[in-house]
Each structure stands twice: as structure tokens, then as C-alpha cells.
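Quick look at final.cif (mmCIF, C-alpha atoms, pLDDT in the B column; chains and numbers go by the auth columns):
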```
data_protein
loop_
_atom_site.group_PDB
_atom_site.id
_atom_site.type_symbol
_atom_site.label_atom_id
_atom_site.label_comp_id
_atom_site.label_asym_id
_atom_site.label_seq_id
_atom_site.Cartn_x
_atom_site.Cartn_y
_atom_site.Cartn_z
_atom_site.B_iso_or_equiv
_atom_site.auth_seq_id
_atom_site.auth_asym_id
ATOM 1 C CA MET A 1 60.982 67.972 -52.564 38.00 1 F
ATOM 2 C CA ASN A 2 61.165 66.738 -48.948 39.00 2 F
ATOM 3 C CA GLN A 3 64.792 66.040 -47.926 37.00 3 F
ATOM 4 C CA SER A 4 63.920 62.714 -46.305 36.00 4 F
ATOM 5 C CA THR A 5 61.961 61.309 -49.261 37.00 5 F
ATOM 6 C CA LEU A 6 64.221 61.811 -52.243 38.00 6 F
ATOM 7 C CA ASP A 7 63.445 59.204 -54.898 39.00 7 F
ATOM 8 C CA VAL A 8 66.454 57.103 -55.868 37.00 8 F
ATOM 9 C CA SER A 9 65.572 57.663 -59.534 38.00 9 F
ATOM 10 C CA ASP A 10 66.527 61.304 -59.064 39.00 10 F
ATOM 11 C CA TYR A 11 70.126 60.131 -58.621 40.00 11 F
ATOM 12 C CA ALA A 12 70.213 58.043 -61.772 40.00 12 F
ATOM 13 C CA PRO A 13 73.064 59.105 -64.063 39.00 13 F
ATOM 14 C CA GLU A 14 70.958 58.458 -67.165 37.00 14 F
ATOM 15 C CA HIS A 15 68.715 61.310 -66.011 35.00 15 F
ATOM 16 C CA GLY A 16 71.683 63.648 -66.265 36.00 16 F
ATOM 17 C CA PHE A 17 71.344 64.438 -62.560 36.00 17 F
ATOM 18 C CA THR A 18 74.367 65.716 -60.640 41.00 18 F
ATOM 19 C CA MET A 19 73.873 65.979 -56.900 46.00 19 F
ATOM 20 C CA ALA A 20 74.650 69.198 -55.153 44.00 20 F
ATOM 21 C CA VAL A 21 77.037 68.788 -52.236 43.00 21 F
ATOM 22 C CA GLY A 22 74.283 69.389 -49.693 43.00 22 F
ATOM 23 C CA GLU A 23 72.172 66.583 -51.188 61.00 23 F
ATOM 24 C CA ARG A 24 74.756 63.820 -50.881 73.00 24 F
ATOM 25 C CA PRO A 25 73.951 61.186 -48.212 77.00 25 F
ATOM 26 C CA GLN A 26 76.972 62.126 -46.088 82.00 26 F
ATOM 27 C CA GLN A 27 76.031 65.791 -45.963 82.00 27 F
ATOM 28 C CA ARG A 28 72.339 65.007 -45.405 78.00 28 F
ATOM 29 C CA LEU A 29 73.229 62.789 -42.459 82.00 29 F
ATOM 30 C CA GLU A 30 75.461 65.469 -40.937 84.00 30 F
ATOM 31 C CA LYS A 31 72.842 68.167 -41.372 82.00 31 F
ATOM 32 C CA PHE A 32 69.597 66.344 -40.542 80.00 32 F
ATOM 33 C CA GLY A 33 70.688 63.224 -38.590 81.00 33 F
ATOM 34 C CA THR A 34 70.378 59.510 -39.305 80.00 34 F
ATOM 35 C CA ALA A 35 66.554 59.497 -39.248 78.00 35 F
ATOM 36 C CA ALA A 36 66.488 61.736 -42.345 79.00 36 F
ATOM 37 C CA VAL A 37 68.575 59.325 -44.430 85.00 37 F
ATOM 38 C CA SER A 38 66.826 56.522 -46.316 89.00 38 F
ATOM 39 C CA ASP A 39 67.846 52.851 -46.302 89.00 39 F
ATOM 40 C CA THR A 40 69.197 53.272 -49.817 89.00 40 F
ATOM 41 C CA GLU A 41 71.287 56.298 -48.881 89.00 41 F
ATOM 42 C CA LEU A 42 72.740 54.606 -45.786 88.00 42 F
ATOM 43 C CA LEU A 43 73.787 51.608 -47.857 90.00 43 F
ATOM 44 C CA ALA A 44 75.162 53.905 -50.567 88.00 44 F
ATOM 45 C CA MET A 45 77.476 55.532 -48.013 88.00 45 F
ATOM 46 C CA ILE A 46 79.041 52.120 -47.368 86.00 46 F
ATOM 47 C CA LEU A 47 79.300 51.323 -51.084 86.00 47 F
ATOM 48 C CA GLN A 48 80.854 54.637 -52.038 81.00 48 F
ATOM 49 C CA GLY A 49 84.632 54.697 -52.306 69.00 49 F
ATOM 50 C CA ASN A 50 87.492 53.680 -54.555 55.00 50 F
ATOM 51 C CA GLY A 51 86.333 56.061 -57.273 59.00 51 F
ATOM 52 C CA THR A 52 82.639 55.127 -57.078 64.00 52 F
ATOM 53 C CA ARG A 53 80.478 58.197 -57.665 77.00 53 F
ATOM 54 C CA THR A 54 77.626 58.936 -55.288 78.00 54 F
ATOM 55 C CA GLU A 55 75.073 58.426 -58.061 83.00 55 F
ATOM 56 C CA GLN A 56 76.540 55.007 -58.859 86.00 56 F
ATOM 57 C CA ALA A 57 76.581 54.022 -55.183 87.00 57 F
ATOM 58 C CA VAL A 58 72.934 54.995 -54.697 88.00 58 F
ATOM 59 C CA ASN A 59 71.855 53.043 -57.783 90.00 59 F
ATOM 60 C CA LEU A 60 73.813 49.990 -56.622 91.00 60 F
ATOM 61 C CA ALA A 61 72.307 50.269 -53.135 91.00 61 F
ATOM 62 C CA SER A 62 68.836 50.429 -54.656 91.00 62 F
ATOM 63 C CA ARG A 63 69.505 47.243 -56.665 92.00 63 F
ATOM 64 C CA LEU A 64 70.812 45.446 -53.560 92.00 64 F
ATOM 65 C CA ILE A 65 67.706 46.258 -51.541 91.00 65 F
ATOM 66 C CA ALA A 66 65.468 45.247 -54.444 92.00 66 F
ATOM 67 C CA GLU A 67 67.263 41.897 -54.763 91.00 67 F
ATOM 68 C CA ALA A 68 66.977 41.219 -51.000 88.00 68 F
ATOM 69 C CA GLY A 69 63.345 42.365 -50.845 89.00 69 F
ATOM 70 C CA SER A 70 64.174 44.901 -48.123 89.00 70 F
ATOM 71 C CA ILE A 71 67.220 46.128 -46.243 89.00 71 F
ATOM 72 C CA ALA A 72 66.342 43.592 -43.521 87.00 72 F
ATOM 73 C CA GLY A 73 66.675 40.820 -46.101 86.00 73 F
ATOM 74 C CA LEU A 74 70.402 41.520 -46.351 89.00 74 F
ATOM 75 C CA ILE A 75 70.909 40.131 -42.828 86.00 75 F
ATOM 76 C CA SER A 76 71.081 36.582 -44.236 83.00 76 F
ATOM 77 C CA TRP A 77 73.327 37.348 -47.230 90.00 77 F
ATOM 78 C CA VAL A 78 76.813 35.883 -47.470 89.00 78 F
ATOM 79 C CA PRO A 79 79.708 37.490 -49.415 90.00 79 F
ATOM 80 C CA SER A 80 78.970 35.519 -52.593 90.00 80 F
ATOM 81 C CA ASP A 81 75.390 36.878 -52.636 90.00 81 F
ATOM 82 C CA TYR A 82 76.699 40.444 -52.820 91.00 82 F
ATOM 83 C CA ARG A 83 79.173 39.595 -55.562 91.00 83 F
ATOM 84 C CA ARG A 84 76.350 38.543 -57.868 91.00 84 F
ATOM 85 C CA LEU A 85 75.737 42.226 -58.518 90.00 85 F
ATOM 86 C CA LYS A 86 77.997 43.987 -60.958 89.00 86 F
ATOM 87 C CA GLY A 87 80.029 46.597 -59.119 86.00 87 F
ATOM 88 C CA ILE A 88 80.650 44.582 -55.936 90.00 88 F
ATOM 89 C CA GLY A 89 83.962 42.742 -55.683 89.00 89 F
ATOM 90 C CA ARG A 90 85.394 40.275 -53.194 91.00 90 F
ATOM 91 C CA ILE A 91 86.514 42.810 -50.565 91.00 91 F
ATOM 92 C CA LYS A 92 83.315 44.850 -50.664 90.00 92 F
ATOM 93 C CA GLY A 93 81.257 41.655 -50.418 90.00 93 F
ATOM 94 C CA LEU A 94 83.198 40.653 -47.292 93.00 94 F
ATOM 95 C CA GLN A 95 82.758 44.127 -45.797 91.00 95 F
ATOM 96 C CA LEU A 96 78.991 44.112 -46.357 91.00 96 F
ATOM 97 C CA ALA A 97 78.651 40.634 -44.825 90.00 97 F
ATOM 98 C CA ALA A 98 80.709 41.814 -41.837 92.00 98 F
ATOM 99 C CA ILE A 99 78.415 44.819 -41.337 90.00 99 F
ATOM 100 C CA ALA A 100 75.361 42.514 -41.352 88.00 100 F
ATOM 101 C CA GLU A 101 76.994 40.343 -38.686 88.00 101 F
ATOM 102 C CA ILE A 102 77.802 43.427 -36.598 89.00 102 F
ATOM 103 C CA ALA A 103 74.117 44.421 -36.795 85.00 103 F
ATOM 104 C CA ARG A 104 73.074 40.933 -35.660 81.00 104 F
ATOM 105 C CA ARG A 105 75.451 41.038 -32.683 82.00 105 F
ATOM 106 C CA MET A 106 74.372 44.543 -31.723 81.00 106 F
ATOM 107 C CA MET A 107 70.749 43.409 -31.599 76.00 107 F
ATOM 108 C CA THR A 108 71.772 40.440 -29.455 70.00 108 F
ATOM 109 C CA SER A 109 73.771 42.550 -26.989 66.00 109 F
ATOM 110 C CA GLN A 110 70.831 44.904 -26.380 58.00 110 F
ATOM 111 C CA ARG A 111 68.789 42.273 -24.544 58.00 111 F
ATOM 112 C CA ALA A 112 67.799 42.875 -20.957 55.00 112 F
ATOM 113 C CA PRO A 113 70.334 41.562 -18.423 65.00 113 F
ATOM 114 C CA ALA A 114 69.830 38.127 -16.874 79.00 114 F
ATOM 115 C CA PRO A 115 66.652 37.104 -18.735 88.00 115 F
ATOM 116 C CA LEU A 116 64.415 34.470 -17.195 92.00 116 F
ATOM 117 C CA LEU A 117 64.506 31.333 -19.366 95.00 117 F
ATOM 118 C CA ASN A 118 62.240 28.864 -17.628 94.00 118 F
ATOM 119 C CA ARG A 119 59.918 28.128 -20.586 96.00 119 F
ATOM 120 C CA SER A 120 60.515 26.953 -24.125 96.00 120 F
ATOM 121 C CA ASP A 121 58.689 29.938 -25.651 96.00 121 F
ATOM 122 C CA LEU A 122 60.937 32.351 -23.722 96.00 122 F
ATOM 123 C CA ILE A 123 64.012 30.461 -24.897 96.00 123 F
ATOM 124 C CA ALA A 124 62.852 30.572 -28.525 95.00 124 F
ATOM 125 C CA ALA A 125 62.083 34.298 -28.263 94.00 125 F
ATOM 126 C CA HIS A 126 65.525 34.881 -26.731 92.00 126 F
ATOM 127 C CA PHE A 127 67.091 33.434 -29.880 91.00 127 F
ATOM 128 C CA ALA A 128 64.838 35.134 -32.423 86.00 128 F
ATOM 129 C CA SER A 129 67.420 37.694 -33.578 86.00 129 F
ATOM 130 C CA THR A 130 70.466 35.445 -33.027 88.00 130 F
ATOM 131 C CA ALA A 131 69.237 32.621 -35.252 88.00 131 F
ATOM 132 C CA ALA A 132 67.513 34.789 -37.885 85.00 132 F
ATOM 133 C CA GLY A 133 68.897 34.188 -41.370 83.00 133 F
ATOM 134 C CA LEU A 134 71.655 31.742 -40.380 88.00 134 F
ATOM 135 C CA GLN A 135 72.574 29.396 -43.230 88.00 135 F
ATOM 136 C CA VAL A 136 74.397 26.817 -41.099 90.00 136 F
ATOM 137 C CA GLU A 137 73.501 24.995 -37.903 92.00 137 F
ATOM 138 C CA LYS A 138 74.908 26.438 -34.699 93.00 138 F
ATOM 139 C CA PHE A 139 74.730 24.940 -31.223 94.00 139 F
ATOM 140 C CA TRP A 140 74.533 27.078 -28.090 95.00 140 F
ATOM 141 C CA VAL A 141 74.572 26.359 -24.378 96.00 141 F
ATOM 142 C CA LEU A 142 72.758 28.634 -21.934 96.00 142 F
ATOM 143 C CA CYS A 143 74.246 28.465 -18.436 96.00 143 F
ATOM 144 C CA LEU A 144 71.552 29.212 -15.853 96.00 144 F
ATOM 145 C CA ASN A 145 71.481 29.894 -12.125 95.00 145 F
ATOM 146 C CA ARG A 146 69.104 28.362 -9.563 94.00 146 F
ATOM 147 C CA LYS A 147 66.354 30.802 -10.583 94.00 147 F
ATOM 148 C CA ASN A 148 66.692 29.871 -14.269 95.00 148 F
ATOM 149 C CA ARG A 149 68.201 33.224 -15.163 94.00 149 F
ATOM 150 C CA LEU A 150 70.953 33.418 -17.741 94.00 150 F
ATOM 151 C CA ILE A 151 74.534 33.523 -16.477 93.00 151 F
ATOM 152 C CA LYS A 152 76.272 33.105 -19.814 93.00 152 F
ATOM 153 C CA GLN A 153 75.442 32.119 -23.398 93.00 153 F
ATOM 154 C CA VAL A 154 78.078 30.136 -25.271 92.00 154 F
ATOM 155 C CA GLU A 155 78.265 29.127 -28.934 92.00 155 F
ATOM 156 C CA VAL A 156 79.696 25.610 -28.805 92.00 156 F
ATOM 157 C CA THR A 157 79.812 24.614 -32.465 90.00 157 F
ATOM 158 C CA SER A 158 79.086 26.032 -35.907 87.00 158 F
ATOM 159 C CA GLY A 159 78.479 23.323 -38.472 80.00 159 F
ATOM 160 C CA THR A 160 77.567 22.814 -42.110 64.00 160 F
ATOM 161 C CA ALA A 161 74.191 23.498 -43.654 61.00 161 F
ATOM 162 C CA THR A 162 72.888 20.217 -42.206 62.00 162 F
ATOM 163 C CA SER A 163 74.955 19.364 -39.106 61.00 163 F
ATOM 164 C CA ALA A 164 76.189 20.951 -35.894 61.00 164 F
ATOM 165 C CA LEU A 165 76.423 18.075 -33.420 77.00 165 F
ATOM 166 C CA ALA A 166 78.183 18.789 -30.143 87.00 166 F
ATOM 167 C CA HIS A 167 80.102 16.617 -27.682 88.00 167 F
ATOM 168 C CA PRO A 168 79.015 16.507 -24.009 91.00 168 F
ATOM 169 C CA ARG A 169 82.478 17.650 -22.969 91.00 169 F
ATOM 170 C CA GLU A 170 82.056 20.871 -24.973 90.00 170 F
ATOM 171 C CA VAL A 171 78.479 21.355 -23.791 93.00 171 F
ATOM 172 C CA TYR A 172 79.201 21.120 -20.062 95.00 172 F
ATOM 173 C CA ARG A 173 82.674 22.702 -19.927 92.00 173 F
ATOM 174 C CA GLU A 174 81.447 26.296 -19.644 89.00 174 F
ATOM 175 C CA ALA A 175 78.580 25.313 -17.353 93.00 175 F
ATOM 176 C CA ILE A 176 81.109 23.903 -14.877 94.00 176 F
ATOM 177 C CA ARG A 177 83.247 27.057 -15.144 91.00 177 F
ATOM 178 C CA GLN A 178 80.229 29.270 -14.475 91.00 178 F
ATOM 179 C CA ALA A 179 79.008 27.114 -11.561 92.00 179 F
ATOM 180 C CA ALA A 180 75.681 26.793 -13.360 95.00 180 F
ATOM 181 C CA THR A 181 73.013 24.638 -11.733 95.00 181 F
ATOM 182 C CA GLY A 182 71.301 23.955 -15.045 96.00 182 F
ATOM 183 C CA ILE A 183 71.733 24.391 -18.784 97.00 183 F
ATOM 184 C CA VAL A 184 69.544 24.747 -21.831 97.00 184 F
ATOM 185 C CA CYS A 185 70.852 23.586 -25.195 97.00 185 F
ATOM 186 C CA VAL A 186 69.687 25.355 -28.331 96.00 186 F
ATOM 187 C CA HIS A 187 70.428 24.809 -31.989 95.00 187 F
ATOM 188 C CA ASN A 188 68.887 26.086 -35.198 94.00 188 F
ATOM 189 C CA HIS A 189 67.671 24.353 -38.337 94.00 189 F
ATOM 190 C CA PRO A 190 68.491 26.474 -41.428 92.00 190 F
ATOM 191 C CA SER A 191 65.632 24.759 -43.299 92.00 191 F
ATOM 192 C CA GLY A 192 63.200 26.418 -40.894 93.00 192 F
ATOM 193 C CA ASP A 193 61.541 23.133 -39.856 95.00 193 F
ATOM 194 C CA PRO A 194 62.414 22.616 -36.169 96.00 194 F
ATOM 195 C CA ALA A 195 61.400 18.940 -36.068 96.00 195 F
ATOM 196 C CA PRO A 196 64.329 17.049 -34.482 95.00 196 F
ATOM 197 C CA SER A 197 66.415 14.649 -36.539 93.00 197 F
ATOM 198 C CA SER A 198 67.455 11.216 -35.294 94.00 198 F
ATOM 199 C CA ALA A 199 70.895 12.716 -34.571 92.00 199 F
ATOM 200 C CA ASP A 200 69.269 15.478 -32.472 94.00 200 F
ATOM 201 C CA ILE A 201 67.355 12.890 -30.464 95.00 201 F
ATOM 202 C CA GLN A 202 70.443 10.748 -29.919 94.00 202 F
ATOM 203 C CA LEU A 203 72.522 13.735 -28.810 94.00 203 F
ATOM 204 C CA THR A 204 69.826 14.783 -26.338 96.00 204 F
ATOM 205 C CA ARG A 205 69.838 11.319 -24.786 95.00 205 F
ATOM 206 C CA ILE A 206 73.624 11.448 -24.389 95.00 206 F
ATOM 207 C CA LEU A 207 73.486 14.933 -22.855 95.00 207 F
ATOM 208 C CA ARG A 208 70.733 13.813 -20.463 95.00 208 F
ATOM 209 C CA GLU A 209 72.889 10.938 -19.190 94.00 209 F
ATOM 210 C CA ALA A 210 75.942 13.204 -18.844 94.00 210 F
ATOM 211 C CA ALA A 211 73.840 15.699 -16.854 94.00 211 F
ATOM 212 C CA ARG A 212 73.031 13.032 -14.284 92.00 212 F
ATOM 213 C CA THR A 213 76.711 12.197 -13.879 92.00 213 F
ATOM 214 C CA ILE A 214 77.955 15.743 -13.291 92.00 214 F
ATOM 215 C CA GLU A 215 74.794 16.911 -11.477 93.00 215 F
ATOM 216 C CA ILE A 216 74.048 19.860 -13.746 95.00 216 F
ATOM 217 C CA GLU A 217 70.434 19.635 -14.879 96.00 217 F
ATOM 218 C CA LEU A 218 69.638 19.622 -18.580 97.00 218 F
ATOM 219 C CA LEU A 219 66.507 21.759 -18.401 97.00 219 F
ATOM 220 C CA ASP A 220 65.642 21.685 -22.097 97.00 220 F
ATOM 221 C CA HIS A 221 66.949 21.284 -25.624 97.00 221 F
ATOM 222 C CA VAL A 222 65.214 23.672 -28.008 97.00 222 F
ATOM 223 C CA VAL A 223 65.463 23.508 -31.793 96.00 223 F
ATOM 224 C CA VAL A 224 64.818 26.900 -33.390 95.00 224 F
ATOM 225 C CA GLY A 225 63.257 27.194 -36.830 94.00 225 F
ATOM 226 C CA ILE A 226 60.722 29.429 -38.581 93.00 226 F
ATOM 227 C CA ALA A 227 57.013 29.436 -37.780 93.00 227 F
ATOM 228 C CA ALA A 228 56.062 29.414 -41.477 92.00 228 F
ATOM 229 C CA ALA A 229 58.048 26.196 -42.049 93.00 229 F
ATOM 230 C CA ASP A 230 56.828 24.481 -38.869 93.00 230 F
ATOM 231 C CA PRO A 231 53.701 22.280 -39.197 93.00 231 F
ATOM 232 C CA THR A 232 52.829 23.183 -35.580 94.00 232 F
ATOM 233 C CA GLY A 233 53.145 26.903 -36.337 93.00 233 F
ATOM 234 C CA LEU A 234 55.370 27.486 -33.292 95.00 234 F
ATOM 235 C CA GLY A 235 58.693 27.871 -35.062 94.00 235 F
ATOM 236 C CA TYR A 236 60.551 25.843 -32.439 96.00 236 F
ATOM 237 C CA TYR A 237 60.660 22.370 -30.863 97.00 237 F
ATOM 238 C CA SER A 238 61.163 21.685 -27.155 97.00 238 F
ATOM 239 C CA PHE A 239 62.388 18.276 -25.972 97.00 239 F
ATOM 240 C CA ARG A 240 61.079 19.137 -22.483 96.00 240 F
ATOM 241 C CA THR A 241 57.583 19.947 -23.755 96.00 241 F
ATOM 242 C CA ALA A 242 57.606 16.791 -25.879 95.00 242 F
ATOM 243 C CA GLY A 243 58.298 14.724 -22.763 95.00 243 F
ATOM 244 C CA LEU A 244 61.746 13.575 -23.897 93.00 244 F
ATOM 245 C CA LEU A 245 63.589 15.139 -20.935 91.00 245 F
#
```
Entire entry expressed as C-alpha cells:
Amino acid sequence: MNQSTLDVSDYAPEHGFTMAVGERPQQRLEKFGTAAVSDTELLAMILQGNGTRTEQAVNLASRLIAEAGSIAGLISWVPSDYRRLKGIGRIKGLQLAAIAEIARRMMTSQRAPAPLLNRSDLIAAHFASTAAGLQVEKFWVLCLNRKNRLIKQVEVTSGTATSALAHPREVYREAIRQAATGIVCVHNHPSGDPAPSSADIQLTRILREAARTIEIELLDHVVVGIAAADPTGLGYYSFRTAGLL
């Protein structure tokens, strides 16, 4: 049997299978590298501990991935989602959710330095990994220089499942600190439909007026959603493109 394609059923305790030391995920990773370890085995390494046998950890990892649809599906899980499975308690659920958040932040930090954000599609693409799977609304401010390149990205608020309104003072504070000449505001809609609410429209009007007062241009306000839930098929809404800025 190929080392990198071991079937998880081979680990099942009901099969009477006992893994040799060299076949355990930890030893396989040490010997062959991360590429030789399956998604299930990687997750099992995190689950193993506190008396959990390797076979039990692999079976639990397999059930987790099946429930999420894929290992990528776990990126949107919260601690309570993990605890639905027998064998995962409060602490382990928190640890798994923390690891998913670390993965999200690592993907975000790998972006190219000073991206150009002068179009709504570039802004939406910039937030593709950041907003993926979020269950609450978050509001970000992108501080830009004269060439519309990113100086700093700031998360201003993190709201409930339906609200993340921001105050102009919070929106422009970091822009003033960074000597930005313009800003782009971005927030997500957990429902996936990026169509702006009446509150979104009202906030944009307030931010537009504040921009004129402090002479920092509000270049755009982009609402990020999911293409499949967007009647336009874009997966985002741009106030600038819509002619509202």
C-alpha cells in the first residue's frame, strides 16, 4: 500500500487494526514530509492527546471532514460546531476554531505588498480569503496612498450576524494617522447577498459627508458577499460603480 494513500478505514478499531509506530501520522510526517500526510492524518495529529489513541483520532478526523464536506469547509466552523461530534469537548473545540483562524490570517498575510486597489473587483478579490466563511459582519477600512496602493488595512468593527455599523470617527481615525489621501470601506454580508441595506446606504452618505470635511477621499464602499447568492453573479456590491459616491 502506498504510504501517502492509506485509507482511513484501515485505522478503524473495529477492524482490529493496530498501527505500527512507523505508520502513525507523526512518524509519517517526520519520515516523508507534510506532502505525504493526508488531510485526515493532519487533523488527527491535532485531535490526538489526553489519552486519545491514534486510531480514535483518525476516525474522529474523518468524521469531522465528512461533516464539513472537506477540510476547507472547517474554515467557517465555530467552537460549538466541533462540539456536536462526540469526542470533542469545549477546550478542543476552541483549539480547532483557533487553528482555523490562524490559517485564515496566514493566507491574508501572504498577499503581495502594497496591492493596487483602484477598482471594485480588485478590492473584492483582496478580501476573498479574509471574508470567506465569516458568520458575523465585519467592517474594514483600507488606507490608501496617492497611487491607490494599500498603506494599512484596519478592522474597525465586528458585529452580530446582521449588523456591523461603524462611526465616522472610527473609520477616519487610522486614515489620519497613516496620512492616507483616500480610503475604501469594506464590509461583508454573512448571508452572501451583497445588496446594500438601508443602513449601509445611510452610513455611506454619512461617511461621504465626513470625507469632504476632513479632505480624505472616500474612494469606494464595497460590500462583499458570495457570487452564488448574488443576483448579479459578481459576489460584491460597489457604491462607486452604482453611482452613489
Would you kindly return, as a JSON list (two decimals) with C-alpha atoms, in the frame of the given file, each protein, DNA or RNA residue with an atom no farther than 7 Å from any atom of segment 176-193 of chain F, considering only C-alpha atoms and excluding same-chain residues fewer than 4 positions away?
```json
[["chain", "number", "residue", "atom", "x", "y", "z"],
["F", 131, "ALA", "CA", 69.24, 32.62, -35.25],
["F", 134, "LEU", "CA", 71.66, 31.74, -40.38],
["F", 135, "GLN", "CA", 72.57, 29.40, -43.23],
["F", 136, "VAL", "CA", 74.40, 26.82, -41.10],
["F", 137, "GLU", "CA", 73.50, 25.00, -37.90],
["F", 138, "LYS", "CA", 74.91, 26.44, -34.70],
["F", 139, "PHE", "CA", 74.73, 24.94, -31.22],
["F", 140, "TRP", "CA", 74.53, 27.08, -28.09],
["F", 141, "VAL", "CA", 74.57, 26.36, -24.38],
["F", 142, "LEU", "CA", 72.76, 28.63, -21.93],
["F", 143, "CYS", "CA", 74.25, 28.46, -18.44],
["F", 144, "LEU", "CA", 71.55, 29.21, -15.85],
["F", 145, "ASN", "CA", 71.48, 29.89, -12.12],
["F", 146, "ARG", "CA", 69.10, 28.36, -9.56],
["F", 161, "ALA", "CA", 74.19, 23.50, -43.65],
["F", 172, "TYR", "CA", 79.20, 21.12, -20.06],
["F", 216, "ILE", "CA", 74.05, 19.86, -13.75],
["F", 217, "GLU", "CA", 70.43, 19.64, -14.88],
["F", 218, "LEU", "CA", 69.64, 19.62, -18.58],
["F", 219, "LEU", "CA", 66.51, 21.76, -18.40],
["F", 220, "ASP", "CA", 65.64, 21.68, -22.10],
["F", 221, "HIS", "CA", 66.95, 21.28, -25.62],
["F", 222, "VAL", "CA", 65.21, 23.67, -28.01],
["F", 223, "VAL", "CA", 65.46, 23.51, -31.79],
["F", 224, "VAL", "CA", 64.82, 26.90, -33.39],
["F", 225, "GLY", "CA", 63.26, 27.19, -36.83],
["F", 226, "ILE", "CA", 60.72, 29.43, -38.58],
["F", 229, "ALA", "CA", 58.05, 26.20, -42.05],
["F", 230, "ASP", "CA", 56.83, 24.48, -38.87]]
```
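What separates atom CA of Gln26 of chain F from atom CA of Met45 of chain F is a distance of 6.9 Å.
Between atom CA of Ala97 of chain F and atom CA of Ala166 of chain F there is a distance of 26.3 Å.
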| said: List the spatial neighbours of Thr40 of chain F as a ChimeraX atom specification - criterion: any atom at most 9 Å away, only C-alpha atoms, same-chain residues fewer than 5 positions off excluded. | reply: /F:8,45,58-62,64-65,71
Those same residues, written as a JSON list (two decimals), keeping the file's coordinate frame with C-alpha atoms?
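Wrote again03.json, looks like this:
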```json
[["chain", "number", "residue", "atom", "x", "y", "z"],
["F", 8, "VAL", "CA", 66.45, 57.10, -55.87],
["F", 45, "MET", "CA", 77.48, 55.53, -48.01],
["F", 58, "VAL", "CA", 72.93, 55.00, -54.70],
["F", 59, "ASN", "CA", 71.86, 53.04, -57.78],
["F", 60, "LEU", "CA", 73.81, 49.99, -56.62],
["F", 61, "ALA", "CA", 72.31, 50.27, -53.14],
["F", 62, "SER", "CA", 68.84, 50.43, -54.66],
["F", 64, "LEU", "CA", 70.81, 45.45, -53.56],
["F", 65, "ILE", "CA", 67.71, 46.26, -51.54],
["F", 71, "ILE", "CA", 67.22, 46.13, -46.24]]
```
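Atom CA of Ala210 of chain F sits 29.5 Å away from atom CA of Thr108 of chain F.
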Might you pull out every residue within 10 Å of Ala124 of chain F, with all atoms listed in the file counted and same-chain residues fewer than 2 positions away left off, and present them as a PDB file with C-alpha atoms, in the frame of the given file?
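And here is the file that came out, out-v5.pdb:
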```pdb
ATOM      1  CA  LEU F 117      64.506  31.333 -19.366  1.00 95.00           C
ATOM      2  CA  ARG F 119      59.918  28.128 -20.586  1.00 96.00           C
ATOM      3  CA  SER F 120      60.515  26.953 -24.125  1.00 96.00           C
ATOM      4  CA  ASP F 121      58.689  29.938 -25.651  1.00 96.00           C
ATOM      5  CA  LEU F 122      60.937  32.351 -23.722  1.00 96.00           C
ATOM      6  CA  HIS F 126      65.525  34.881 -26.731  1.00 92.00           C
ATOM      7  CA  PHE F 127      67.091  33.434 -29.880  1.00 91.00           C
ATOM      8  CA  ALA F 128      64.838  35.134 -32.423  1.00 86.00           C
ATOM      9  CA  SER F 129      67.420  37.694 -33.578  1.00 86.00           C
ATOM     10  CA  ALA F 131      69.237  32.621 -35.252  1.00 88.00           C
ATOM     11  CA  VAL F 186      69.687  25.355 -28.331  1.00 96.00           C
ATOM     12  CA  VAL F 222      65.214  23.672 -28.008  1.00 97.00           C
ATOM     13  CA  VAL F 223      65.463  23.508 -31.793  1.00 96.00           C
ATOM     14  CA  VAL F 224      64.818  26.900 -33.390  1.00 95.00           C
ATOM     15  CA  GLY F 225      63.257  27.194 -36.830  1.00 94.00           C
ATOM     16  CA  LEU F 234      55.370  27.486 -33.292  1.00 95.00           C
ATOM     17  CA  GLY F 235      58.693  27.871 -35.062  1.00 94.00           C
ATOM     18  CA  TYR F 236      60.551  25.843 -32.439  1.00 96.00           C
ATOM     19  CA  TYR F 237      60.660  22.370 -30.863  1.00 97.00           C
ATOM     20  CA  SER F 238      61.163  21.685 -27.155  1.00 97.00           C
TER      21      SER F 238
END
```
| request: Could you tell me which of F:Pro168, F:Gly93, F:Gly243, F:Gly233 comes closest to Thr213 of chain F if we count only C-alpha atoms? | output: F:Pro168
| note | With distances taken over all atoms listed in the file, the candidate from F:Arg173, F:Arg104, F:His167, F:Arg149 nearest Arg205 of chain F is F:His167
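Proximity to Tyr82 of chain F was assessed for F:Leu47, F:Leu165, F:Val171, F:Ile102 counting all atoms listed in the file; the smallest distance is recorded for F:Leu47.
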| Near-Ile99 of chain F list (12 Å; only C-alpha atoms; drop same-chain fewer than 5 positions) as a VMD selection string | chain F and resid 43 46 to 47 74 to 79 92 to 94 104 to 106
| message | When you count only C-alpha atoms, which of these residues is closest to Arg63 of chain F: F:Arg28, F:Arg240, F:Lys147, F:Arg84? | response | F:Arg84
